[in-house]
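Student: Contents are compact mmCIF, N, CA, C and O atoms; file name work_0.txt:
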```txt
# COMPACT_ATOMS: atom_id res chain seq x y z
N MET J 1 -177.57 -5.61 -50.51
CA MET J 1 -177.31 -6.01 -49.16
C MET J 1 -177.31 -4.76 -48.28
O MET J 1 -176.66 -3.78 -48.57
N THR J 2 -178.03 -4.78 -47.18
CA THR J 2 -178.13 -3.64 -46.29
C THR J 2 -176.97 -3.66 -45.30
O THR J 2 -176.73 -4.68 -44.67
N PRO J 3 -176.26 -2.55 -45.15
CA PRO J 3 -175.16 -2.54 -44.20
C PRO J 3 -175.66 -2.63 -42.77
O PRO J 3 -176.72 -2.13 -42.44
N ARG J 4 -174.89 -3.29 -41.93
CA ARG J 4 -175.21 -3.41 -40.51
C ARG J 4 -174.33 -2.42 -39.77
O ARG J 4 -173.12 -2.41 -39.93
N THR J 5 -174.93 -1.58 -38.93
CA THR J 5 -174.15 -0.60 -38.21
C THR J 5 -174.52 -0.64 -36.74
O THR J 5 -175.56 -1.15 -36.35
N GLY J 6 -173.66 -0.09 -35.91
CA GLY J 6 -173.94 0.05 -34.50
C GLY J 6 -174.20 -1.29 -33.83
O GLY J 6 -173.55 -2.28 -34.11
N ILE J 7 -175.16 -1.30 -32.93
CA ILE J 7 -175.49 -2.51 -32.17
C ILE J 7 -175.89 -3.65 -33.08
O ILE J 7 -175.42 -4.78 -32.90
N PRO J 8 -176.74 -3.45 -34.13
CA PRO J 8 -177.06 -4.57 -35.01
C PRO J 8 -175.82 -5.17 -35.67
O PRO J 8 -175.71 -6.38 -35.83
N GLY J 9 -174.86 -4.34 -36.03
CA GLY J 9 -173.63 -4.84 -36.64
C GLY J 9 -172.81 -5.67 -35.68
O GLY J 9 -172.28 -6.72 -36.03
N ILE J 10 -172.71 -5.21 -34.45
CA ILE J 10 -171.97 -5.95 -33.43
C ILE J 10 -172.67 -7.27 -33.16
O ILE J 10 -172.03 -8.31 -33.04
N LEU J 11 -174.00 -7.25 -33.09
CA LEU J 11 -174.75 -8.48 -32.87
C LEU J 11 -174.55 -9.45 -34.01
O LEU J 11 -174.44 -10.66 -33.79
N CYS J 12 -174.46 -8.94 -35.23
CA CYS J 12 -174.22 -9.79 -36.39
C CYS J 12 -172.85 -10.46 -36.28
O CYS J 12 -172.72 -11.67 -36.53
N ILE J 13 -171.84 -9.71 -35.90
CA ILE J 13 -170.49 -10.27 -35.72
C ILE J 13 -170.50 -11.33 -34.64
O ILE J 13 -169.95 -12.42 -34.80
N LEU J 14 -171.17 -11.04 -33.53
CA LEU J 14 -171.22 -12.02 -32.44
C LEU J 14 -171.98 -13.27 -32.85
O LEU J 14 -171.60 -14.39 -32.49
N ALA J 15 -173.06 -13.10 -33.63
CA ALA J 15 -173.81 -14.26 -34.10
C ALA J 15 -172.95 -15.14 -35.00
O ALA J 15 -172.97 -16.37 -34.88
N LEU J 16 -172.18 -14.52 -35.88
CA LEU J 16 -171.29 -15.30 -36.74
C LEU J 16 -170.24 -16.03 -35.92
O LEU J 16 -169.91 -17.18 -36.19
N LEU J 17 -169.72 -15.36 -34.90
CA LEU J 17 -168.75 -16.00 -34.02
C LEU J 17 -169.36 -17.20 -33.32
O LEU J 17 -168.76 -18.27 -33.25
N LEU J 18 -170.56 -17.04 -32.80
CA LEU J 18 -171.23 -18.15 -32.12
C LEU J 18 -171.49 -19.31 -33.07
O LEU J 18 -171.31 -20.47 -32.72
N LEU J 19 -171.92 -19.00 -34.28
CA LEU J 19 -172.16 -20.05 -35.26
C LEU J 19 -170.87 -20.79 -35.60
O LEU J 19 -170.86 -22.00 -35.80
N ALA J 20 -169.78 -20.05 -35.66
CA ALA J 20 -168.51 -20.67 -36.01
C ALA J 20 -167.99 -21.58 -34.92
O ALA J 20 -167.25 -22.52 -35.18
N THR J 21 -168.39 -21.32 -33.68
CA THR J 21 -167.86 -22.10 -32.57
C THR J 21 -168.89 -23.01 -31.91
O THR J 21 -168.55 -23.78 -31.02
N ALA J 22 -170.15 -22.98 -32.34
CA ALA J 22 -171.21 -23.72 -31.66
C ALA J 22 -171.24 -25.20 -32.01
O ALA J 22 -171.77 -26.00 -31.26
N THR J 23 -170.72 -25.56 -33.16
CA THR J 23 -170.78 -26.96 -33.55
C THR J 23 -169.72 -27.77 -32.81
O THR J 23 -168.67 -27.24 -32.46
N PRO J 24 -169.99 -29.05 -32.54
CA PRO J 24 -168.98 -29.87 -31.87
C PRO J 24 -167.69 -29.90 -32.68
O PRO J 24 -167.71 -30.05 -33.89
N ALA J 25 -166.60 -29.72 -31.99
CA ALA J 25 -165.30 -29.71 -32.67
C ALA J 25 -164.27 -30.33 -31.73
O ALA J 25 -164.43 -30.35 -30.52
N ARG J 26 -163.20 -30.80 -32.33
CA ARG J 26 -162.10 -31.29 -31.51
C ARG J 26 -161.53 -30.11 -30.74
O ARG J 26 -161.57 -28.98 -31.19
N ALA J 27 -160.97 -30.40 -29.60
CA ALA J 27 -160.45 -29.33 -28.74
C ALA J 27 -159.41 -28.47 -29.45
O ALA J 27 -159.31 -27.28 -29.21
N GLU J 28 -158.62 -29.06 -30.35
CA GLU J 28 -157.57 -28.28 -31.01
C GLU J 28 -158.06 -27.50 -32.23
O GLU J 28 -157.31 -26.77 -32.83
N THR J 29 -159.33 -27.65 -32.61
CA THR J 29 -159.85 -26.96 -33.78
C THR J 29 -160.83 -25.88 -33.34
O THR J 29 -161.95 -26.17 -32.99
N ARG J 30 -160.35 -24.66 -33.35
CA ARG J 30 -161.20 -23.52 -33.00
C ARG J 30 -161.08 -22.52 -34.13
O ARG J 30 -160.01 -21.95 -34.35
N VAL J 31 -162.17 -22.30 -34.82
CA VAL J 31 -162.17 -21.44 -36.00
C VAL J 31 -163.20 -20.34 -35.82
O VAL J 31 -164.28 -20.57 -35.29
N ALA J 32 -162.84 -19.15 -36.27
CA ALA J 32 -163.77 -18.02 -36.19
C ALA J 32 -163.75 -17.25 -37.51
O ALA J 32 -162.71 -17.13 -38.15
N LEU J 33 -164.90 -16.75 -37.89
CA LEU J 33 -165.04 -15.89 -39.05
C LEU J 33 -165.36 -14.49 -38.54
O LEU J 33 -166.31 -14.30 -37.78
N VAL J 34 -164.54 -13.52 -38.94
CA VAL J 34 -164.74 -12.13 -38.51
C VAL J 34 -164.79 -11.25 -39.76
O VAL J 34 -163.88 -11.28 -40.58
N ILE J 35 -165.86 -10.48 -39.87
CA ILE J 35 -166.04 -9.58 -41.01
C ILE J 35 -166.32 -8.19 -40.46
O ILE J 35 -167.19 -8.03 -39.61
N GLY J 36 -165.59 -7.20 -40.95
CA GLY J 36 -165.82 -5.83 -40.52
C GLY J 36 -165.86 -4.90 -41.72
O GLY J 36 -164.84 -4.68 -42.36
N ASN J 37 -167.03 -4.39 -42.01
CA ASN J 37 -167.17 -3.47 -43.14
C ASN J 37 -167.45 -2.06 -42.63
O ASN J 37 -168.47 -1.83 -41.98
N SER J 38 -166.57 -1.15 -42.96
CA SER J 38 -166.75 0.25 -42.62
C SER J 38 -167.02 1.10 -43.86
O SER J 38 -167.50 2.21 -43.76
N ALA J 39 -166.68 0.56 -45.03
CA ALA J 39 -166.82 1.32 -46.28
C ALA J 39 -167.93 0.71 -47.13
O ALA J 39 -167.87 -0.47 -47.47
N TYR J 40 -168.92 1.50 -47.43
CA TYR J 40 -170.03 1.06 -48.27
C TYR J 40 -170.14 2.00 -49.47
O TYR J 40 -169.74 3.16 -49.41
N GLU J 41 -170.69 1.50 -50.53
CA GLU J 41 -170.78 2.26 -51.77
C GLU J 41 -171.70 3.47 -51.66
O GLU J 41 -171.42 4.52 -52.22
N HIS J 42 -172.81 3.34 -50.93
CA HIS J 42 -173.83 4.39 -50.94
C HIS J 42 -174.03 5.06 -49.59
O HIS J 42 -175.12 5.56 -49.31
N THR J 43 -173.02 5.08 -48.77
CA THR J 43 -173.14 5.77 -47.48
C THR J 43 -171.75 6.22 -47.02
O THR J 43 -170.74 5.77 -47.56
N ALA J 44 -171.74 7.08 -46.05
CA ALA J 44 -170.46 7.58 -45.51
C ALA J 44 -169.71 6.45 -44.81
O ALA J 44 -170.32 5.51 -44.30
N ARG J 45 -168.42 6.55 -44.79
CA ARG J 45 -167.58 5.57 -44.11
C ARG J 45 -167.94 5.54 -42.62
O ARG J 45 -168.10 6.58 -42.00
N LEU J 46 -168.04 4.35 -42.07
CA LEU J 46 -168.35 4.17 -40.66
C LEU J 46 -167.06 4.03 -39.87
O LEU J 46 -166.11 3.40 -40.33
N ALA J 47 -167.02 4.58 -38.69
CA ALA J 47 -165.77 4.62 -37.91
C ALA J 47 -165.44 3.30 -37.23
O ALA J 47 -164.28 2.91 -37.17
N ASN J 48 -166.42 2.59 -36.71
CA ASN J 48 -166.11 1.49 -35.80
C ASN J 48 -166.11 0.07 -36.33
O ASN J 48 -165.35 -0.75 -35.82
N PRO J 49 -166.92 -0.32 -37.28
CA PRO J 49 -167.00 -1.76 -37.62
C PRO J 49 -165.66 -2.40 -37.96
O PRO J 49 -165.35 -3.48 -37.45
N ARG J 50 -164.88 -1.77 -38.79
CA ARG J 50 -163.57 -2.35 -39.14
C ARG J 50 -162.66 -2.43 -37.91
O ARG J 50 -162.04 -3.46 -37.66
N ASN J 51 -162.60 -1.35 -37.14
CA ASN J 51 -161.74 -1.34 -35.95
C ASN J 51 -162.18 -2.42 -34.96
O ASN J 51 -161.33 -3.10 -34.37
N ASP J 52 -163.48 -2.56 -34.75
CA ASP J 52 -163.99 -3.57 -33.83
C ASP J 52 -163.65 -4.98 -34.32
O ASP J 52 -163.27 -5.85 -33.54
N ALA J 53 -163.80 -5.20 -35.62
CA ALA J 53 -163.51 -6.52 -36.18
C ALA J 53 -162.02 -6.85 -36.09
O ALA J 53 -161.65 -7.99 -35.80
N VAL J 54 -161.16 -5.88 -36.34
CA VAL J 54 -159.71 -6.10 -36.21
C VAL J 54 -159.36 -6.47 -34.77
O VAL J 54 -158.60 -7.41 -34.52
N ALA J 55 -159.95 -5.75 -33.81
CA ALA J 55 -159.70 -6.04 -32.40
C ALA J 55 -160.22 -7.43 -32.03
O ALA J 55 -159.55 -8.19 -31.31
N MET J 56 -161.41 -7.79 -32.53
CA MET J 56 -161.98 -9.11 -32.24
C MET J 56 -161.11 -10.22 -32.84
O MET J 56 -160.83 -11.22 -32.17
N ALA J 57 -160.67 -10.05 -34.08
CA ALA J 57 -159.82 -11.05 -34.72
C ALA J 57 -158.52 -11.22 -33.96
O ALA J 57 -158.05 -12.35 -33.74
N SER J 58 -157.93 -10.13 -33.51
CA SER J 58 -156.69 -10.19 -32.75
C SER J 58 -156.89 -10.93 -31.43
O SER J 58 -156.08 -11.77 -31.04
N THR J 59 -157.97 -10.63 -30.74
CA THR J 59 -158.29 -11.30 -29.47
C THR J 59 -158.49 -12.79 -29.68
O THR J 59 -157.98 -13.62 -28.92
N LEU J 60 -159.24 -13.14 -30.71
CA LEU J 60 -159.50 -14.56 -30.98
C LEU J 60 -158.21 -15.30 -31.33
O LEU J 60 -158.02 -16.45 -30.92
N ARG J 61 -157.33 -14.66 -32.07
CA ARG J 61 -156.03 -15.29 -32.38
C ARG J 61 -155.24 -15.55 -31.11
O ARG J 61 -154.64 -16.61 -30.94
N ARG J 62 -155.23 -14.56 -30.21
CA ARG J 62 -154.52 -14.74 -28.94
C ARG J 62 -155.12 -15.88 -28.11
O ARG J 62 -154.42 -16.52 -27.33
N LEU J 63 -156.41 -16.14 -28.29
CA LEU J 63 -157.08 -17.23 -27.58
C LEU J 63 -156.92 -18.57 -28.28
O LEU J 63 -157.47 -19.57 -27.83
N GLY J 64 -156.19 -18.59 -29.39
CA GLY J 64 -155.89 -19.84 -30.06
C GLY J 64 -156.82 -20.20 -31.21
O GLY J 64 -156.77 -21.32 -31.72
N PHE J 65 -157.65 -19.28 -31.65
CA PHE J 65 -158.53 -19.54 -32.78
C PHE J 65 -157.77 -19.37 -34.09
O PHE J 65 -156.88 -18.53 -34.19
N ASP J 66 -158.14 -20.19 -35.07
CA ASP J 66 -157.75 -19.93 -36.45
C ASP J 66 -158.80 -18.95 -36.97
O ASP J 66 -159.98 -19.27 -37.02
N VAL J 67 -158.36 -17.77 -37.33
CA VAL J 67 -159.30 -16.70 -37.71
C VAL J 67 -159.26 -16.48 -39.21
O VAL J 67 -158.19 -16.31 -39.80
N VAL J 68 -160.42 -16.50 -39.81
CA VAL J 68 -160.60 -16.09 -41.20
C VAL J 68 -161.27 -14.73 -41.11
O VAL J 68 -162.35 -14.59 -40.54
N ASP J 69 -160.59 -13.71 -41.63
CA ASP J 69 -161.14 -12.37 -41.49
C ASP J 69 -161.16 -11.63 -42.82
O ASP J 69 -160.40 -11.93 -43.73
N GLY J 70 -162.05 -10.67 -42.88
CA GLY J 70 -162.18 -9.83 -44.07
C GLY J 70 -162.68 -8.46 -43.67
O GLY J 70 -163.51 -8.33 -42.75
N TYR J 71 -162.17 -7.45 -44.35
CA TYR J 71 -162.51 -6.08 -43.99
C TYR J 71 -162.86 -5.29 -45.25
O TYR J 71 -162.19 -5.41 -46.28
N ASP J 72 -163.91 -4.50 -45.13
CA ASP J 72 -164.35 -3.63 -46.22
C ASP J 72 -164.52 -4.40 -47.52
O ASP J 72 -164.01 -4.00 -48.58
N LEU J 73 -165.24 -5.48 -47.45
CA LEU J 73 -165.43 -6.37 -48.59
C LEU J 73 -166.63 -5.96 -49.44
O LEU J 73 -167.67 -5.60 -48.90
N GLY J 74 -166.45 -6.05 -50.74
CA GLY J 74 -167.58 -5.94 -51.65
C GLY J 74 -168.32 -7.27 -51.65
O GLY J 74 -167.87 -8.25 -51.04
N ILE J 75 -169.44 -7.34 -52.32
CA ILE J 75 -170.26 -8.55 -52.28
C ILE J 75 -169.54 -9.77 -52.84
O ILE J 75 -169.64 -10.86 -52.28
N GLU J 76 -168.80 -9.61 -53.90
CA GLU J 76 -168.09 -10.77 -54.48
C GLU J 76 -166.98 -11.26 -53.56
O GLU J 76 -166.80 -12.45 -53.36
N ALA J 77 -166.23 -10.32 -52.98
CA ALA J 77 -165.17 -10.72 -52.04
C ALA J 77 -165.77 -11.37 -50.80
O ALA J 77 -165.21 -12.34 -50.28
N LEU J 78 -166.92 -10.89 -50.35
CA LEU J 78 -167.60 -11.50 -49.21
C LEU J 78 -168.04 -12.92 -49.54
O LEU J 78 -167.83 -13.84 -48.74
N ARG J 79 -168.59 -13.12 -50.71
CA ARG J 79 -168.99 -14.47 -51.13
C ARG J 79 -167.80 -15.40 -51.19
O ARG J 79 -167.88 -16.55 -50.76
N GLU J 80 -166.68 -14.93 -51.71
CA GLU J 80 -165.47 -15.75 -51.79
C GLU J 80 -164.95 -16.11 -50.40
O GLU J 80 -164.56 -17.24 -50.14
N LEU J 81 -164.96 -15.14 -49.50
CA LEU J 81 -164.52 -15.38 -48.14
C LEU J 81 -165.41 -16.42 -47.46
O LEU J 81 -164.92 -17.35 -46.83
N LEU J 82 -166.72 -16.28 -47.61
CA LEU J 82 -167.66 -17.24 -47.01
C LEU J 82 -167.50 -18.62 -47.61
O LEU J 82 -167.52 -19.63 -46.87
N ALA J 83 -167.29 -18.71 -48.91
CA ALA J 83 -167.08 -20.01 -49.56
C ALA J 83 -165.81 -20.65 -49.05
O ALA J 83 -165.78 -21.86 -48.76
N GLY J 84 -164.75 -19.88 -48.90
CA GLY J 84 -163.50 -20.39 -48.39
C GLY J 84 -163.60 -20.83 -46.95
O GLY J 84 -163.00 -21.81 -46.52
N PHE J 85 -164.36 -20.10 -46.17
CA PHE J 85 -164.54 -20.43 -44.76
C PHE J 85 -165.33 -21.74 -44.62
O PHE J 85 -165.02 -22.56 -43.79
N GLY J 86 -166.33 -21.90 -45.47
CA GLY J 86 -167.17 -23.10 -45.42
C GLY J 86 -166.41 -24.33 -45.76
O GLY J 86 -166.53 -25.40 -45.22
```
Could I get this structure in the form of structure tokens?

Tutor:
Amino acid sequence: MTPRTGIPGILCILALLLLATATPARAETRVALVIGNSAYEHTARLANPRNDAVAMASTLRRLGFDVVDGYDLGIEALRELLAGFG
């Protein structure tokens, strides 16, 4: 899996957010999936993705979303998080 960094990473997070909220839902059901990976096995630690994702998750919670979030996940943990979210 290729890590997403910078603008592509932010766009990926926003796309996931849009997908999580784009389907018709009852007014009281607002769910968001936020993933922020700053640590990768084969590259230097990135400064912003985790921090940005934590800030986004916090903002969404304040807006009344049920947030499922994960940070610095390996592939298996990411699969588990996605399965649980689904």

Student: Contacts of range 47-61 of chain J at 5 Å or less, counting only N, CA, C and O atoms, minus same-chain residues fewer than 3 places along, as a count of residues only?

Tutor: 5

Student: Identify, on the basis of only N, CA, C and O atoms, every residue whose closest approach to range 70-79 of chain J does not exceed 5 Å; exclude the query and any residue fewer than 2 positions from it along the same chain; express the result as a list in words.

Tutor: Val34, Ile35, Gly36, Asn37, Ser38, Ala39, Val68, Leu81, Leu82, Ala83 and Gly84 of chain J

Student: Hey, can you check how far atom N of Gly86 in chain J sits from atom C of Leu46 in chain J?

Tutor: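 Rounded to one decimal, the two atoms are 26.5 Å apart.
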
Student: Figure out the distance between atom C of Phe85 in chain J and atom N of Asp66 in chain J, please, to one decimal in Å.

Tutor: 12.1 Å

Student: Fix up range 67-78 of chain J with all heavy atoms, then write it as a compact mmCIF listing (two decimals), in the coordinates of the input.

Tutor:
```txt
# COMPACT_ATOMS: atom_id res chain seq x y z
N VAL J 67 -158.36 -17.77 -37.33
CA VAL J 67 -159.30 -16.70 -37.71
C VAL J 67 -159.26 -16.48 -39.21
O VAL J 67 -158.19 -16.31 -39.80
CB VAL J 67 -158.98 -15.39 -36.98
CG1 VAL J 67 -159.92 -14.27 -37.43
CG2 VAL J 67 -159.06 -15.58 -35.47
N VAL J 68 -160.42 -16.50 -39.81
CA VAL J 68 -160.60 -16.09 -41.20
C VAL J 68 -161.27 -14.73 -41.11
O VAL J 68 -162.35 -14.59 -40.54
CB VAL J 68 -161.50 -17.10 -41.96
CG1 VAL J 68 -161.77 -16.61 -43.37
CG2 VAL J 68 -160.86 -18.48 -41.97
N ASP J 69 -160.59 -13.71 -41.63
CA ASP J 69 -161.14 -12.37 -41.49
C ASP J 69 -161.16 -11.63 -42.82
O ASP J 69 -160.40 -11.93 -43.73
CB ASP J 69 -160.38 -11.57 -40.44
CG ASP J 69 -158.87 -11.55 -40.66
OD1 ASP J 69 -158.38 -12.27 -41.55
OD2 ASP J 69 -158.18 -10.81 -39.94
N GLY J 70 -162.05 -10.67 -42.88
CA GLY J 70 -162.18 -9.83 -44.07
C GLY J 70 -162.68 -8.46 -43.67
O GLY J 70 -163.51 -8.33 -42.75
N TYR J 71 -162.17 -7.45 -44.35
CA TYR J 71 -162.51 -6.08 -43.99
C TYR J 71 -162.86 -5.29 -45.25
O TYR J 71 -162.19 -5.41 -46.28
CB TYR J 71 -161.32 -5.41 -43.27
CG TYR J 71 -160.84 -6.26 -42.12
CD1 TYR J 71 -159.70 -7.04 -42.24
CD2 TYR J 71 -161.55 -6.30 -40.93
CE1 TYR J 71 -159.27 -7.83 -41.19
CE2 TYR J 71 -161.13 -7.10 -39.88
CZ TYR J 71 -159.99 -7.86 -40.01
OH TYR J 71 -159.58 -8.66 -38.98
N ASP J 72 -163.91 -4.50 -45.13
CA ASP J 72 -164.35 -3.63 -46.22
C ASP J 72 -164.52 -4.40 -47.52
O ASP J 72 -164.01 -4.00 -48.58
CB ASP J 72 -163.40 -2.44 -46.40
CG ASP J 72 -163.40 -1.55 -45.16
OD1 ASP J 72 -164.47 -1.40 -44.53
OD2 ASP J 72 -162.34 -1.01 -44.80
N LEU J 73 -165.24 -5.48 -47.45
CA LEU J 73 -165.43 -6.37 -48.59
C LEU J 73 -166.63 -5.96 -49.44
O LEU J 73 -167.67 -5.60 -48.90
CB LEU J 73 -165.65 -7.80 -48.11
CG LEU J 73 -164.57 -8.39 -47.21
CD1 LEU J 73 -165.01 -9.75 -46.70
CD2 LEU J 73 -163.26 -8.49 -47.95
N GLY J 74 -166.45 -6.05 -50.74
CA GLY J 74 -167.58 -5.94 -51.65
C GLY J 74 -168.32 -7.27 -51.65
O GLY J 74 -167.87 -8.25 -51.04
N ILE J 75 -169.44 -7.34 -52.32
CA ILE J 75 -170.26 -8.55 -52.28
C ILE J 75 -169.54 -9.77 -52.84
O ILE J 75 -169.64 -10.86 -52.28
CB ILE J 75 -171.62 -8.32 -52.98
CG1 ILE J 75 -172.58 -9.49 -52.72
CG2 ILE J 75 -171.46 -8.09 -54.47
CD1 ILE J 75 -172.97 -9.66 -51.29
N GLU J 76 -168.80 -9.61 -53.90
CA GLU J 76 -168.09 -10.77 -54.48
C GLU J 76 -166.98 -11.26 -53.56
O GLU J 76 -166.80 -12.45 -53.36
CB GLU J 76 -167.54 -10.43 -55.87
CG GLU J 76 -168.62 -10.31 -56.93
CD GLU J 76 -169.53 -11.54 -57.01
OE1 GLU J 76 -169.02 -12.67 -56.97
OE2 GLU J 76 -170.75 -11.35 -57.10
N ALA J 77 -166.23 -10.32 -52.98
CA ALA J 77 -165.17 -10.72 -52.04
C ALA J 77 -165.77 -11.37 -50.80
O ALA J 77 -165.21 -12.34 -50.28
CB ALA J 77 -164.34 -9.50 -51.65
N LEU J 78 -166.92 -10.89 -50.35
CA LEU J 78 -167.60 -11.50 -49.21
C LEU J 78 -168.04 -12.92 -49.54
O LEU J 78 -167.83 -13.84 -48.74
CB LEU J 78 -168.81 -10.66 -48.80
CG LEU J 78 -169.65 -11.19 -47.64
CD1 LEU J 78 -168.81 -11.32 -46.38
CD2 LEU J 78 -170.85 -10.29 -47.41
```
